[in-house]
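Novice: Okay, handing you the structure first.
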Amino acid sequence: MTTAIPRRRMLLGALLAAALAGADQAHADADHWVIDEAHLSVNFLVDHIGFSSVLGMFLDAEGEFVYDPDAMELESGRVVIRTDSVFTNHEERDEHLRDDDFLDTGEYTEMIFTATSFEPDSDDGGQLTGDLELLGVTRPVTLDVTINRIDEYPIRDGFFGGYPFVLGASLRGTLNRSDWGMHYGIEEGLVGDEVELILELEARRQ
């Protein structure tokens with residue numbers, strides 16, 4: 001004996017299947033990108049007693065993200081920075097930055113940025129917000145993103161390799177280091193509280 005399936009149940013099932021198929025397709029459209037460490041610059045600029053600003057960088061960092069360029073939708077993203085790789089072209093200052101007045105690299109070996117949202121504001125950029133974990137404190141940071149180019153790279157990936165697909169971007173933002181408990185030199189006016197962030201990257205589609 002055949003049991004008839006109510007039309008309403010069939011309709012609901014069809015709608016659910018269509019919704020799930022659409023979600024799967026949306027997820028499939030997002031690409032996995034790995035940041036090319038040879039083309040990643042993580043830089044910072046901070047005031048020094050009002051006379052000038054010190055430009056520094058971190059030499060050891062890596063990251064990846066899941067992003068759909070057509071829809072400009074970011075699903076996830078993460079950058080990990082080794083704090084002891086800080087470099088300002090002055091050995092004594094770099095050692096000071098590694099101690100517990102600043103980065104305390106013996107206790108906190110990594111600084112981690114985890115993306116939480118991306119809001120496009122043009123065809124080539126938007127606002128990237130994420131959580132920055134530093135010195136055991138996690139607080140939000142927002143970066144202005146300019147997507148410079150998404151295209152096939154003009155140089156082969158090795159002698160027999162193909163031409164990788166690459167996304168290049170520039171990111172800018174500011175933070176107050178005191179928000180993460182880093183207070184050295186602020187009250188005395190020796191080192192600024194506000195830190196300007198300057199990032200440049202190229203990422204390869206996997």
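Following the order of the structure tokens, chains are lettered A, B, ..., residues in each are numbered from 1, and ligands are numbered from 1.
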Using only C-alpha atoms, find each residue in segment 32-74 of chain A having at least one atom no more than 10 Å away from segment 201-205 of chain A; report its shortest atom-to-atom pair and that distance in Å (one decimal), rows by chain then rising number, as a tab-separated table.

Specialist:
```
residue	atom	partner	partner_atom	distance
A:His32	CA	A:Arg205	CA	5.9
A:Trp33	CA	A:Arg205	CA	4.5
A:Val34	CA	A:Ala203	CA	5.2
A:Ile35	CA	A:Ala203	CA	3.9
A:Asp36	CA	A:Ala203	CA	5.3
A:Glu37	CA	A:Leu201	CA	8.3
A:Ala38	CA	A:Glu202	CA	8.6
A:His39	CA	A:Leu201	CA	5.5
A:Leu40	CA	A:Leu201	CA	4.4
A:Ser41	CA	A:Leu201	CA	6.4
A:Val42	CA	A:Leu201	CA	8.6
A:Gly63	CA	A:Ala203	CA	8.9
A:Glu64	CA	A:Ala203	CA	7.8
A:Phe65	CA	A:Ala203	CA	8.9
A:Val66	CA	A:Arg205	CA	9.4
A:Tyr67	CA	A:Arg205	CA	9.6
```

Novice: Which residues of segment 73-102 of chain A sit at most 12 Å from segment 176-182 of chain A, using only C-alpha atoms? Give each one's shortest atom pair and distance in Å (one decimal place), in chain and ascending residue order, as JSON lines.

Specialist:
```
{"residue": "A:Leu97", "atom": "CA", "partner": "A:Met182", "partner_atom": "CA", "distance": 10.8}
{"residue": "A:Asp99", "atom": "CA", "partner": "A:Met182", "partner_atom": "CA", "distance": 11.3}
{"residue": "A:Asp100", "atom": "CA", "partner": "A:Met182", "partner_atom": "CA", "distance": 8.9}
{"residue": "A:Asp101", "atom": "CA", "partner": "A:Met182", "partner_atom": "CA", "distance": 7.1}
{"residue": "A:Phe102", "atom": "CA", "partner": "A:Met182", "partner_atom": "CA", "distance": 5.9}
```

Novice: Would you mind exporting the chosen residues as a PDB file, in the first residue's frame, restricted to N, CA and C atoms?

Specialist:
```pdb
ATOM      1  N   LEU A  97      62.312  46.292  23.133  1.00  0.00           N
ATOM      2  CA  LEU A  97      60.950  45.989  22.692  1.00  0.00           C
ATOM      3  C   LEU A  97      60.550  44.558  23.024  1.00  0.00           C
ATOM      4  N   ASP A  99      61.452  42.939  25.786  1.00  0.00           N
ATOM      5  CA  ASP A  99      61.314  42.673  27.217  1.00  0.00           C
ATOM      6  C   ASP A  99      59.923  43.064  27.714  1.00  0.00           C
ATOM      7  N   ASP A 100      59.713  42.959  29.028  1.00  0.00           N
ATOM      8  CA  ASP A 100      58.350  43.106  29.550  1.00  0.00           C
ATOM      9  C   ASP A 100      57.864  44.552  29.628  1.00  0.00           C
ATOM     10  N   ASP A 101      58.679  45.528  29.228  1.00  0.00           N
ATOM     11  CA  ASP A 101      58.166  46.889  29.068  1.00  0.00           C
ATOM     12  C   ASP A 101      57.235  46.988  27.861  1.00  0.00           C
ATOM     13  N   PHE A 102      57.472  46.109  26.893  1.00  0.00           N
ATOM     14  CA  PHE A 102      56.700  46.186  25.657  1.00  0.00           C
ATOM     15  C   PHE A 102      56.078  44.826  25.314  1.00  0.00           C
TER      16      PHE A 102
END
```

Novice: Please provide the set of residues having any atom within 8 Å of segment 191-199 of chain A, restricted to only C-alpha atoms, with same-chain residues fewer than 4 positions apart removed, written as a PDB file with N, CA and C atoms, in the first residue's frame.

Specialist:
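The result, written out as result-v7.pdb:
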```pdb
ATOM      1  N   LEU A  40      54.830  39.672   2.351  1.00  0.00           N
ATOM      2  CA  LEU A  40      54.045  40.119   3.501  1.00  0.00           C
ATOM      3  C   LEU A  40      54.903  41.062   4.332  1.00  0.00           C
ATOM      4  N   SER A  41      54.429  42.279   4.527  1.00  0.00           N
ATOM      5  CA  SER A  41      55.122  43.261   5.364  1.00  0.00           C
ATOM      6  C   SER A  41      54.182  43.699   6.478  1.00  0.00           C
ATOM      7  N   VAL A  42      54.596  43.465   7.714  1.00  0.00           N
ATOM      8  CA  VAL A  42      53.830  43.878   8.893  1.00  0.00           C
ATOM      9  C   VAL A  42      54.639  44.971   9.584  1.00  0.00           C
ATOM     10  N   ASN A  43      54.219  46.220   9.410  1.00  0.00           N
ATOM     11  CA  ASN A  43      54.990  47.369   9.871  1.00  0.00           C
ATOM     12  C   ASN A  43      54.196  48.198  10.887  1.00  0.00           C
ATOM     13  N   PHE A  44      54.923  48.975  11.681  1.00  0.00           N
ATOM     14  CA  PHE A  44      54.274  49.873  12.635  1.00  0.00           C
ATOM     15  C   PHE A  44      55.067  51.169  12.725  1.00  0.00           C
ATOM     16  N   LEU A  45      54.372  52.231  13.112  1.00  0.00           N
ATOM     17  CA  LEU A  45      54.965  53.561  13.234  1.00  0.00           C
ATOM     18  C   LEU A  45      54.492  54.158  14.554  1.00  0.00           C
ATOM     19  N   VAL A  46      55.440  54.639  15.379  1.00  0.00           N
ATOM     20  CA  VAL A  46      55.068  55.167  16.690  1.00  0.00           C
ATOM     21  C   VAL A  46      55.940  56.382  17.017  1.00  0.00           C
ATOM     22  N   ASP A  47      55.332  57.352  17.682  1.00  0.00           N
ATOM     23  CA  ASP A  47      56.020  58.602  18.012  1.00  0.00           C
ATOM     24  C   ASP A  47      57.146  58.385  19.019  1.00  0.00           C
ATOM     25  N   HIS A  48      58.249  59.110  18.825  1.00  0.00           N
ATOM     26  CA  HIS A  48      59.385  59.063  19.747  1.00  0.00           C
ATOM     27  C   HIS A  48      59.679  60.465  20.279  1.00  0.00           C
ATOM     28  N   ILE A  49      59.175  60.766  21.474  1.00  0.00           N
ATOM     29  CA  ILE A  49      59.399  62.020  22.205  1.00  0.00           C
ATOM     30  C   ILE A  49      58.972  63.254  21.404  1.00  0.00           C
ATOM     31  N   SER A 170      46.558  46.327   0.487  1.00  0.00           N
ATOM     32  CA  SER A 170      47.196  47.225   1.446  1.00  0.00           C
ATOM     33  C   SER A 170      46.223  47.461   2.595  1.00  0.00           C
ATOM     34  N   LEU A 171      46.719  47.396   3.822  1.00  0.00           N
ATOM     35  CA  LEU A 171      45.879  47.564   5.008  1.00  0.00           C
ATOM     36  C   LEU A 171      46.494  48.621   5.917  1.00  0.00           C
ATOM     37  N   ARG A 172      45.632  49.486   6.452  1.00  0.00           N
ATOM     38  CA  ARG A 172      46.083  50.555   7.336  1.00  0.00           C
ATOM     39  C   ARG A 172      45.143  50.658   8.537  1.00  0.00           C
ATOM     40  N   GLY A 173      45.701  51.019   9.679  1.00  0.00           N
ATOM     41  CA  GLY A 173      44.876  51.207  10.868  1.00  0.00           C
ATOM     42  C   GLY A 173      45.696  51.780  12.005  1.00  0.00           C
ATOM     43  N   THR A 174      45.041  52.009  13.131  1.00  0.00           N
ATOM     44  CA  THR A 174      45.726  52.487  14.330  1.00  0.00           C
ATOM     45  C   THR A 174      45.183  51.756  15.548  1.00  0.00           C
ATOM     46  N   LEU A 175      45.997  51.705  16.575  1.00  0.00           N
ATOM     47  CA  LEU A 175      45.554  51.174  17.862  1.00  0.00           C
ATOM     48  C   LEU A 175      46.281  51.931  18.964  1.00  0.00           C
ATOM     49  N   ASN A 176      45.712  51.893  20.150  1.00  0.00           N
ATOM     50  CA  ASN A 176      46.368  52.412  21.347  1.00  0.00           C
ATOM     51  C   ASN A 176      46.942  51.225  22.113  1.00  0.00           C
ATOM     52  N   ARG A 177      48.260  51.170  22.204  1.00  0.00           N
ATOM     53  CA  ARG A 177      48.900  50.009  22.830  1.00  0.00           C
ATOM     54  C   ARG A 177      48.521  49.865  24.301  1.00  0.00           C
ATOM     55  N   SER A 178      48.140  50.971  24.933  1.00  0.00           N
ATOM     56  CA  SER A 178      47.729  50.901  26.339  1.00  0.00           C
ATOM     57  C   SER A 178      46.483  50.041  26.521  1.00  0.00           C
ATOM     58  N   HIS A 183      52.075  50.163  28.734  1.00  0.00           N
ATOM     59  CA  HIS A 183      52.028  51.567  29.156  1.00  0.00           C
ATOM     60  C   HIS A 183      53.389  52.262  29.179  1.00  0.00           C
ATOM     61  N   TYR A 184      54.459  51.543  28.937  1.00  0.00           N
ATOM     62  CA  TYR A 184      55.794  52.108  29.121  1.00  0.00           C
ATOM     63  C   TYR A 184      55.985  53.387  28.304  1.00  0.00           C
ATOM     64  N   GLY A 185      56.469  54.452  28.978  1.00  0.00           N
ATOM     65  CA  GLY A 185      56.864  55.681  28.310  1.00  0.00           C
ATOM     66  C   GLY A 185      55.749  56.612  27.897  1.00  0.00           C
ATOM     67  N   ILE A 186      54.498  56.235  28.126  1.00  0.00           N
ATOM     68  CA  ILE A 186      53.384  57.069  27.671  1.00  0.00           C
ATOM     69  C   ILE A 186      53.242  58.310  28.548  1.00  0.00           C
TER      70      ILE A 186
END
```

Novice: For atom CA of Val80 of chain A and atom CA of Ile147 of chain A, determine how far apart the two atoms are, in Å to one decimal place.

Specialist: 20.6 Å

Novice: For Asp157 of chain A, please output as an NGL selection string all residues within 12 Å (counting only C-alpha atoms; exclusion window: fewer than 6 positions along the same chain).

Specialist: :A and (163-166 or 204)

Novice: Write the residues of the selection above to a file with N, CA and C atoms, as a short mmCIF file (atom, residue, chain, number, x, y, z; two decimals), in the first residue's frame.

Specialist:
```
data_model
loop_
_atom_site.label_atom_id
_atom_site.label_comp_id
_atom_site.auth_asym_id
_atom_site.auth_seq_id
_atom_site.Cartn_x
_atom_site.Cartn_y
_atom_site.Cartn_z
N TYR A 163 50.96 29.63 -13.59
CA TYR A 163 50.90 31.01 -13.13
C TYR A 163 49.87 31.10 -12.01
N PRO A 164 50.28 31.33 -10.77
CA PRO A 164 49.33 31.37 -9.66
C PRO A 164 48.39 32.56 -9.75
N PHE A 165 47.22 32.41 -9.13
CA PHE A 165 46.25 33.50 -9.04
C PHE A 165 46.48 34.21 -7.72
N VAL A 166 46.65 35.52 -7.77
CA VAL A 166 47.14 36.27 -6.61
C VAL A 166 46.22 37.45 -6.29
N ARG A 204 48.07 33.87 -2.34
CA ARG A 204 47.86 32.97 -3.47
C ARG A 204 46.62 32.11 -3.26
#
```

Novice: Could you tell me how far atom CA of Ile150 of chain A sits from atom CA of Ala169 of chain A, in Å to one decimal place?

Specialist: 8.9 Å
